[in-house]
Amino acid sequence: MRCLRSIRGLLAIVALTAGPRLALAQDATRLDADVPIWRDLVAGDAHHYTITLDSGRFAFIAVEQHGIDVIVRVRDPEGTEVAEVDSPNGTQGIEPVLLFTELDGDYRIEVSPLNEDAEPGRYAIGIERVEPVATTVAGRVHQVFAVWDRPGAPGASIGIMQDSEIIFATGYGEAQLEYGVPITPETVFHVASVSKQFTAFAVILLADRGLLSLDDDIREYLPEIHDFGPTITIRHLIHHVSGLRDQWDLVSMAGWRMDDVITRNQIMRVLERQRELNFEPGAEYLYCNSGYTLLAEIVSRVAGTPFPEFMREEVFKPLGMDRTHFHDDHEMVVPNRAYSYGSAPDGGFRKIVLSYANVGATSLFTTVGDALQWMENLDRGTVGGESVLELMHQRGVLNSGDTLSYAAGLSIGSYRGLTLIGHSGGDAGFRSYIGRFPDQGLAIAIFSNLGSFNPAEMARRVADIYLEGEFPEVPDQPAEEPAMVARAEVDPAIFDDYEGSYRFPSDLLVKVARDGDRLMVQPPGQSRVEMIPQSDSAFFVREISGVLRFRRERGEVTALDLVRGDVVETARRLPAFDPDTVMTGMYTGRYYSAELETAYSLIVEDGRLTAVHVHYDPVPLIPVGPDQFTLRGAQVRFDRDPDGTVTGMRISSGRVRNLRFERVDW
């Protein structure tokens, strides 16, 4: 079969069921094997295709984007919409559709632009594979991974353990495109934030030995960290409730690129200079890489040995994880390692460089086989014993008494009514996930070297295969991981009431706008996504794993609640604002952050306020309200003195709030 060059996107696995039969439109183009169709696409267009399939067939259909972000919808032979495919890969790469058919007949595929204001672009649609649905569980897994099962492209390694026995392990695609090295179960991957559970384990191991307490003030071990007033404990770091600013957002604001060499010492110096918290320790959950860098440093100081050495001697060797290490030397040669990639504008691939030389929050190098041994230990306690395992699975608790789903580097939740414990990771083009269903004795490890790969989604699809028949009759799908959400019938005219900008207490803004008969929301720094009606005032947003609920006062929409489980965050609606009234000249000058030891110059260029930094190309600031702008997805709010003179600005991003820049030259 013909292979499209670029592979990106999320996977849609479609179970096709019965419904009222609809006639096919006359404008549909029939797809034929080995004959890709290239089409130009502009905003407002919708192209339709059909493919004839018998029941019991597997089909892989690829829509390759070239300069336009498309959404693909699929209807079965009886007219029921059974799939909506939109991966987060922007305007390049493949939107893949995998069909496992249960009906004979014509399947209808619609391709349209994701956004109503999309620039014109091109795409190609073609049939990659059509074959009988596999009759074995291993064969079905191979079909699920068909998108990445090809030479000349990045891919993934997968390992599955059932009742302490590795029952499936294989690789797809290539670990090093430059040399055509295939991915195998022995390929070594950087697994990013999957590292965190190992770091948490090390700290808990020391606590179990009486060498520290999880409720100790971190400044007992890290006196160089600023005294913020309220105590930050080791437990706060473990559960992401410390209030510390995130290291990656900080170094990015300081002008560093993520492909720079970033060492432990550099991160520690940035963290030492921080003088404000995002929030009071224990008040909120906000994922924070800084906390896990500090945890690794605490382990080193308490154990009296470098963190990677401690992990090697105390954890990896006893568990037989001989292909695993914490990678704190970016020049270290690692045999059989994978390198990371992303889609290139020309339809091929580009290498995404990663040169981290820091550990704790990230930088574990391992294989799927070793990761399965680790998950076995989380069930058996070969290293650590029962007391350590209990603390590893103890979920965090906020000051309010609310219990988190996050334990010690482990997210404890459910999938289709079964307990699922796992964690994902992503750095550069690496994507990783390890998860286990403890009650069923199933563990899954999936590592990829392609930036658009979704390993957590793939792990759930693998679980669908191996645990078929074990899920409860009525699926208990958690709100944060929906497969499909029912759409309530509402009058689209009500959407006009909701249009506008809404600001959360963190200074982050979301924009809500009507797009025909759909209501769309644009989170900071992201593309617009649809809000799926649940009622006249509540809308589910799959991409942010929550419900947005509008609030009224005396009939007027005044606020927007973001609801995730029991956690509710409220954004206030901003007054209507005309950006043409902004006097950009009053903001020009040089702004300096002592905490980051960096400065931005604001100038007016082509009539727009523009930020200039020595390490970045000039970036325009987009006005969104009085003294408020967006900057590369971050929020900028200017401060004034009593006379109205602009004295500084504060920048907030997803994991940094109100970082102060003083105006030093105007």
# chains A, B, ... in the order shown; residues from 1 in each chain; ligands from 1
$ residues_around --residues "segment 69-74 of chain A" --least-positions-apart "3" --cutoff "6 Å" --atoms "only C-alpha atoms" --output "list in words"
Glu81, Val82, Ala83, Glu84, Val85, Asp86, Gly90, Thr91, Arg108, Ile109, Glu110, Val111, Ser112, Pro113 and Leu114 of chain A
$ residues_around --residues "segment 506-512 of chain A" --least-positions-apart "4" --cutoff "9 Å" --atoms "only C-alpha atoms" --output "short mmCIF file (atom, residue, chain, number, x, y, z; two decimals) with N, CA, C and O atoms, in the first residue's frame"
data_model
loop_
_atom_site.label_atom_id
_atom_site.label_comp_id
_atom_site.auth_asym_id
_atom_site.auth_seq_id
_atom_site.Cartn_x
_atom_site.Cartn_y
_atom_site.Cartn_z
N ASN A 278 3.08 31.15 43.22
CA ASN A 278 1.83 31.23 42.47
C ASN A 278 0.62 31.29 43.39
O ASN A 278 -0.37 31.94 43.10
N TYR A 498 -22.86 34.49 25.09
CA TYR A 498 -21.66 34.00 25.76
C TYR A 498 -20.37 34.53 25.15
O TYR A 498 -19.29 34.35 25.72
N GLU A 499 -20.45 35.17 23.98
CA GLU A 499 -19.24 35.64 23.32
C GLU A 499 -18.53 36.69 24.18
O GLU A 499 -19.16 37.54 24.81
N GLY A 500 -17.19 36.60 24.19
CA GLY A 500 -16.41 37.57 24.95
C GLY A 500 -15.15 36.95 25.53
O GLY A 500 -14.82 35.78 25.26
N SER A 501 -14.43 37.73 26.33
CA SER A 501 -13.20 37.28 26.99
C SER A 501 -13.45 37.12 28.48
O SER A 501 -14.15 37.92 29.10
N TYR A 502 -12.84 36.07 29.06
CA TYR A 502 -13.02 35.75 30.46
C TYR A 502 -11.64 35.57 31.10
O TYR A 502 -10.78 34.87 30.53
N LEU A 519 -20.39 26.75 19.39
CA LEU A 519 -19.75 27.69 20.30
C LEU A 519 -18.31 27.23 20.48
O LEU A 519 -18.06 26.05 20.76
N MET A 520 -17.36 28.15 20.31
CA MET A 520 -15.94 27.82 20.34
C MET A 520 -15.26 28.55 21.50
O MET A 520 -15.66 29.65 21.87
N VAL A 521 -14.21 27.92 22.03
CA VAL A 521 -13.41 28.57 23.06
C VAL A 521 -11.95 28.47 22.66
O VAL A 521 -11.51 27.46 22.07
N GLN A 522 -11.20 29.51 22.96
CA GLN A 522 -9.77 29.53 22.65
C GLN A 522 -9.00 29.68 23.96
O GLN A 522 -8.89 30.77 24.51
N PRO A 523 -8.45 28.57 24.49
CA PRO A 523 -7.59 28.67 25.67
C PRO A 523 -6.30 29.41 25.33
O PRO A 523 -5.93 29.53 24.15
N PRO A 524 -5.58 29.92 26.32
CA PRO A 524 -4.35 30.69 26.06
C PRO A 524 -3.34 29.89 25.25
O PRO A 524 -3.03 28.75 25.57
N ARG A 528 -8.66 27.44 18.58
CA ARG A 528 -10.06 27.36 19.03
C ARG A 528 -10.55 25.92 18.97
O ARG A 528 -10.23 25.18 18.05
N ALA A 571 -13.77 32.32 36.08
CA ALA A 571 -13.21 33.41 35.29
C ALA A 571 -14.27 34.50 35.15
O ALA A 571 -15.42 34.21 34.80
N VAL A 624 -5.97 42.88 24.73
CA VAL A 624 -7.21 42.15 25.02
C VAL A 624 -8.07 42.88 26.04
O VAL A 624 -9.21 42.48 26.29
N THR A 630 -1.78 39.77 25.29
CA THR A 630 -1.26 38.40 25.22
C THR A 630 0.09 38.45 24.49
O THR A 630 0.30 39.26 23.58
N ALA A 634 1.10 33.79 26.59
CA ALA A 634 1.14 34.26 27.98
C ALA A 634 0.30 35.53 28.10
O ALA A 634 -0.01 36.19 27.10
N GLN A 635 -0.03 35.88 29.35
CA GLN A 635 -0.82 37.07 29.61
C GLN A 635 0.08 38.14 30.22
O GLN A 635 0.87 37.86 31.13
N VAL A 636 -0.03 39.37 29.73
CA VAL A 636 0.77 40.50 30.22
C VAL A 636 -0.18 41.55 30.78
O VAL A 636 -1.12 41.97 30.11
N ARG A 637 0.08 41.95 32.02
CA ARG A 637 -0.72 43.00 32.66
C ARG A 637 0.23 44.09 33.15
O ARG A 637 1.19 43.81 33.87
N ILE A 651 3.87 39.04 34.00
CA ILE A 651 3.60 38.02 32.98
C ILE A 651 3.12 36.75 33.67
O ILE A 651 3.72 36.29 34.65
N SER A 652 2.05 36.20 33.15
CA SER A 652 1.51 34.93 33.64
C SER A 652 1.40 33.96 32.48
O SER A 652 0.96 34.32 31.38
N SER A 653 1.82 32.74 32.73
CA SER A 653 1.64 31.67 31.75
C SER A 653 0.90 30.54 32.45
O SER A 653 0.37 30.71 33.55
N GLY A 654 0.88 29.37 31.87
CA GLY A 654 0.12 28.29 32.47
C GLY A 654 0.59 27.92 33.86
O GLY A 654 -0.22 27.60 34.73
N VAL A 656 3.19 29.80 35.65
CA VAL A 656 3.85 30.94 36.32
C VAL A 656 2.84 32.06 36.39
O VAL A 656 2.21 32.41 35.39
N ARG A 657 2.69 32.64 37.59
CA ARG A 657 1.71 33.70 37.76
C ARG A 657 2.39 34.97 38.26
O ARG A 657 3.18 34.94 39.20
N ASN A 658 2.08 36.07 37.58
CA ASN A 658 2.44 37.42 38.05
C ASN A 658 3.93 37.61 38.26
O ASN A 658 4.37 38.20 39.26
#
$ select_by_dssp --residues "segment 158-203 of chain A" --states "helix (DSSP H, G or I)" --output "list in words"
Ala192, Ser193, Val194, Ser195, Lys196, Gln197, Phe198, Thr199, Ala200, Phe201, Ala202 and Val203 of chain A
$ residues_around --residues "Val241 of chain A" --least-positions-apart "3" --cutoff "6 Å" --atoms "only C-alpha atoms" --output "list in words"
His236, Pro281, Gly282, Glu284 and Tyr285 of chain A
$ residues_around --residues "segment 348-357 of chain A" --least-positions-apart "6" --cutoff "8 Å" --atoms "only C-alpha atoms" --output "VMD selection string"
chain A and resid 5 to 6 153 258 to 264 327 to 330 339 to 342 363 427 to 429
$ decode --residues "segment 526-574 of chain A" --atoms "N, CA and C atoms" --output "mmCIF file, in the first residue's frame"
data_model
loop_
_atom_site.group_PDB
_atom_site.id
_atom_site.type_symbol
_atom_site.label_atom_id
_atom_site.label_comp_id
_atom_site.auth_asym_id
_atom_site.auth_seq_id
_atom_site.Cartn_x
_atom_site.Cartn_y
_atom_site.Cartn_z
ATOM 1 N N GLN A 526 -3.558 28.453 22.420
ATOM 2 C CA GLN A 526 -4.037 27.280 21.707
ATOM 3 C C GLN A 526 -5.017 27.680 20.611
ATOM 4 N N SER A 527 -5.319 26.710 19.750
ATOM 5 C CA SER A 527 -6.311 26.937 18.712
ATOM 6 C C SER A 527 -7.713 26.872 19.312
ATOM 7 N N ARG A 528 -8.664 27.436 18.582
ATOM 8 C CA ARG A 528 -10.056 27.363 19.033
ATOM 9 C C ARG A 528 -10.547 25.923 18.973
ATOM 10 N N VAL A 529 -11.350 25.543 19.965
ATOM 11 C CA VAL A 529 -11.929 24.207 19.999
ATOM 12 C C VAL A 529 -13.411 24.330 20.323
ATOM 13 N N GLU A 530 -14.167 23.297 19.964
ATOM 14 C CA GLU A 530 -15.612 23.359 20.146
ATOM 15 C C GLU A 530 -16.014 23.090 21.585
ATOM 16 N N MET A 531 -17.075 23.787 22.020
ATOM 17 C CA MET A 531 -17.708 23.547 23.306
ATOM 18 C C MET A 531 -18.965 22.717 23.033
ATOM 19 N N ILE A 532 -19.031 21.505 23.557
ATOM 20 C CA ILE A 532 -20.129 20.590 23.267
ATOM 21 C C ILE A 532 -21.253 20.827 24.272
ATOM 22 N N PRO A 533 -22.424 21.254 23.817
ATOM 23 C CA PRO A 533 -23.510 21.592 24.763
ATOM 24 C C PRO A 533 -23.929 20.403 25.617
ATOM 25 N N GLN A 534 -24.020 20.638 26.926
ATOM 26 C CA GLN A 534 -24.603 19.679 27.852
ATOM 27 C C GLN A 534 -25.954 20.186 28.348
ATOM 28 N N SER A 535 -26.120 21.509 28.286
ATOM 29 C CA SER A 535 -27.378 22.183 28.619
ATOM 30 C C SER A 535 -27.277 23.578 28.009
ATOM 31 N N ASP A 536 -28.238 24.436 28.305
ATOM 32 C CA ASP A 536 -28.185 25.805 27.790
ATOM 33 C C ASP A 536 -26.990 26.588 28.321
ATOM 34 N N SER A 537 -26.446 26.193 29.476
ATOM 35 C CA SER A 537 -25.385 26.986 30.101
ATOM 36 C C SER A 537 -24.105 26.211 30.363
ATOM 37 N N ALA A 538 -24.085 24.910 30.135
ATOM 38 C CA ALA A 538 -22.907 24.091 30.423
ATOM 39 C C ALA A 538 -22.426 23.401 29.149
ATOM 40 N N PHE A 539 -21.102 23.409 28.934
ATOM 41 C CA PHE A 539 -20.512 22.896 27.706
ATOM 42 C C PHE A 539 -19.268 22.080 28.044
ATOM 43 N N PHE A 540 -19.187 20.900 27.462
ATOM 44 C CA PHE A 540 -17.995 20.070 27.670
ATOM 45 C C PHE A 540 -16.937 20.425 26.627
ATOM 46 N N VAL A 541 -15.672 20.526 27.071
ATOM 47 C CA VAL A 541 -14.552 20.799 26.173
ATOM 48 C C VAL A 541 -13.554 19.661 26.330
ATOM 49 N N ARG A 542 -13.492 18.815 25.332
ATOM 50 C CA ARG A 542 -12.663 17.616 25.414
ATOM 51 C C ARG A 542 -11.192 17.973 25.576
ATOM 52 N N GLU A 543 -10.732 19.005 24.900
ATOM 53 C CA GLU A 543 -9.304 19.322 24.901
ATOM 54 C C GLU A 543 -8.791 19.826 26.244
ATOM 55 N N ILE A 544 -9.678 20.356 27.093
ATOM 56 C CA ILE A 544 -9.232 20.803 28.411
ATOM 57 C C ILE A 544 -9.811 19.921 29.510
ATOM 58 N N SER A 545 -10.438 18.825 29.102
ATOM 59 C CA SER A 545 -10.937 17.809 30.039
ATOM 60 C C SER A 545 -11.800 18.408 31.138
ATOM 61 N N GLY A 546 -12.758 19.214 30.763
ATOM 62 C CA GLY A 546 -13.623 19.820 31.767
ATOM 63 C C GLY A 546 -14.874 20.417 31.155
ATOM 64 N N VAL A 547 -15.717 20.924 32.037
ATOM 65 C CA VAL A 547 -16.965 21.575 31.633
ATOM 66 C C VAL A 547 -16.845 23.066 31.897
ATOM 67 N N LEU A 548 -17.235 23.868 30.918
ATOM 68 C CA LEU A 548 -17.322 25.310 31.074
ATOM 69 C C LEU A 548 -18.786 25.672 31.287
ATOM 70 N N ARG A 549 -19.049 26.322 32.402
ATOM 71 C CA ARG A 549 -20.426 26.623 32.794
ATOM 72 C C ARG A 549 -20.588 28.133 32.968
ATOM 73 N N PHE A 550 -21.501 28.727 32.222
ATOM 74 C CA PHE A 550 -21.710 30.176 32.267
ATOM 75 C C PHE A 550 -22.609 30.547 33.437
ATOM 76 N N ARG A 551 -22.295 31.692 34.044
ATOM 77 C CA ARG A 551 -23.075 32.195 35.179
ATOM 78 C C ARG A 551 -23.665 33.556 34.836
ATOM 79 N N ARG A 552 -24.879 33.795 35.335
ATOM 80 C CA ARG A 552 -25.566 35.064 35.085
ATOM 81 C C ARG A 552 -25.858 35.770 36.410
ATOM 82 N N GLU A 553 -25.872 37.089 36.333
ATOM 83 C CA GLU A 553 -26.335 37.936 37.432
ATOM 84 C C GLU A 553 -27.331 38.926 36.855
ATOM 85 N N ARG A 554 -28.558 38.891 37.385
ATOM 86 C CA ARG A 554 -29.646 39.739 36.884
ATOM 87 C C ARG A 554 -29.793 39.600 35.369
ATOM 88 N N GLY A 555 -29.660 38.364 34.896
ATOM 89 C CA GLY A 555 -29.889 38.073 33.488
ATOM 90 C C GLY A 555 -28.691 38.230 32.585
ATOM 91 N N GLU A 556 -27.611 38.890 33.047
ATOM 92 C CA GLU A 556 -26.424 39.125 32.223
ATOM 93 C C GLU A 556 -25.344 38.087 32.534
ATOM 94 N N VAL A 557 -24.684 37.573 31.494
ATOM 95 C CA VAL A 557 -23.578 36.633 31.683
ATOM 96 C C VAL A 557 -22.384 37.391 32.250
ATOM 97 N N THR A 558 -21.923 36.981 33.431
ATOM 98 C CA THR A 558 -20.857 37.707 34.125
ATOM 99 C C THR A 558 -19.621 36.872 34.398
ATOM 100 N N ALA A 559 -19.737 35.539 34.305
ATOM 101 C CA ALA A 559 -18.602 34.702 34.680
ATOM 102 C C ALA A 559 -18.697 33.348 33.993
ATOM 103 N N LEU A 560 -17.593 32.640 34.070
ATOM 104 C CA LEU A 560 -17.464 31.330 33.453
ATOM 105 C C LEU A 560 -16.745 30.421 34.440
ATOM 106 N N ASP A 561 -17.364 29.312 34.806
ATOM 107 C CA ASP A 561 -16.747 28.336 35.704
ATOM 108 C C ASP A 561 -16.102 27.218 34.882
ATOM 109 N N LEU A 562 -14.868 26.863 35.236
ATOM 110 C CA LEU A 562 -14.223 25.673 34.698
ATOM 111 C C LEU A 562 -14.359 24.583 35.755
ATOM 112 N N VAL A 563 -15.063 23.509 35.407
ATOM 113 C CA VAL A 563 -15.360 22.443 36.363
ATOM 114 C C VAL A 563 -14.614 21.186 35.938
ATOM 115 N N ARG A 564 -13.721 20.722 36.813
ATOM 116 C CA ARG A 564 -13.034 19.436 36.627
ATOM 117 C C ARG A 564 -13.251 18.617 37.893
ATOM 118 N N GLY A 565 -14.146 17.657 37.826
ATOM 119 C CA GLY A 565 -14.473 16.889 39.017
ATOM 120 C C GLY A 565 -15.074 17.792 40.076
ATOM 121 N N ASP A 566 -14.435 17.793 41.276
ATOM 122 C CA ASP A 566 -14.909 18.627 42.370
ATOM 123 C C ASP A 566 -14.238 20.000 42.399
ATOM 124 N N VAL A 567 -13.323 20.235 41.467
ATOM 125 C CA VAL A 567 -12.574 21.491 41.454
ATOM 126 C C VAL A 567 -13.243 22.476 40.496
ATOM 127 N N VAL A 568 -13.508 23.682 40.988
ATOM 128 C CA VAL A 568 -14.164 24.715 40.181
ATOM 129 C C VAL A 568 -13.299 25.972 40.204
ATOM 130 N N GLU A 569 -12.965 26.486 39.018
ATOM 131 C CA GLU A 569 -12.255 27.760 38.892
ATOM 132 C C GLU A 569 -13.170 28.731 38.146
ATOM 133 N N THR A 570 -13.212 29.976 38.612
ATOM 134 C CA THR A 570 -14.128 30.959 38.034
ATOM 135 C C THR A 570 -13.358 32.050 37.303
ATOM 136 N N ALA A 571 -13.774 32.320 36.080
ATOM 137 C CA ALA A 571 -13.208 33.415 35.288
ATOM 138 C C ALA A 571 -14.273 34.500 35.147
ATOM 139 N N ARG A 572 -13.907 35.752 35.415
ATOM 140 C CA ARG A 572 -14.840 36.863 35.290
ATOM 141 C C ARG A 572 -14.847 37.370 33.849
ATOM 142 N N ARG A 573 -16.029 37.727 33.379
ATOM 143 C CA ARG A 573 -16.153 38.258 32.023
ATOM 144 C C ARG A 573 -15.627 39.683 31.982
ATOM 145 N N LEU A 574 -14.797 39.961 30.981
ATOM 146 C CA LEU A 574 -14.230 41.299 30.840
ATOM 147 C C LEU A 574 -15.188 42.206 30.074
#
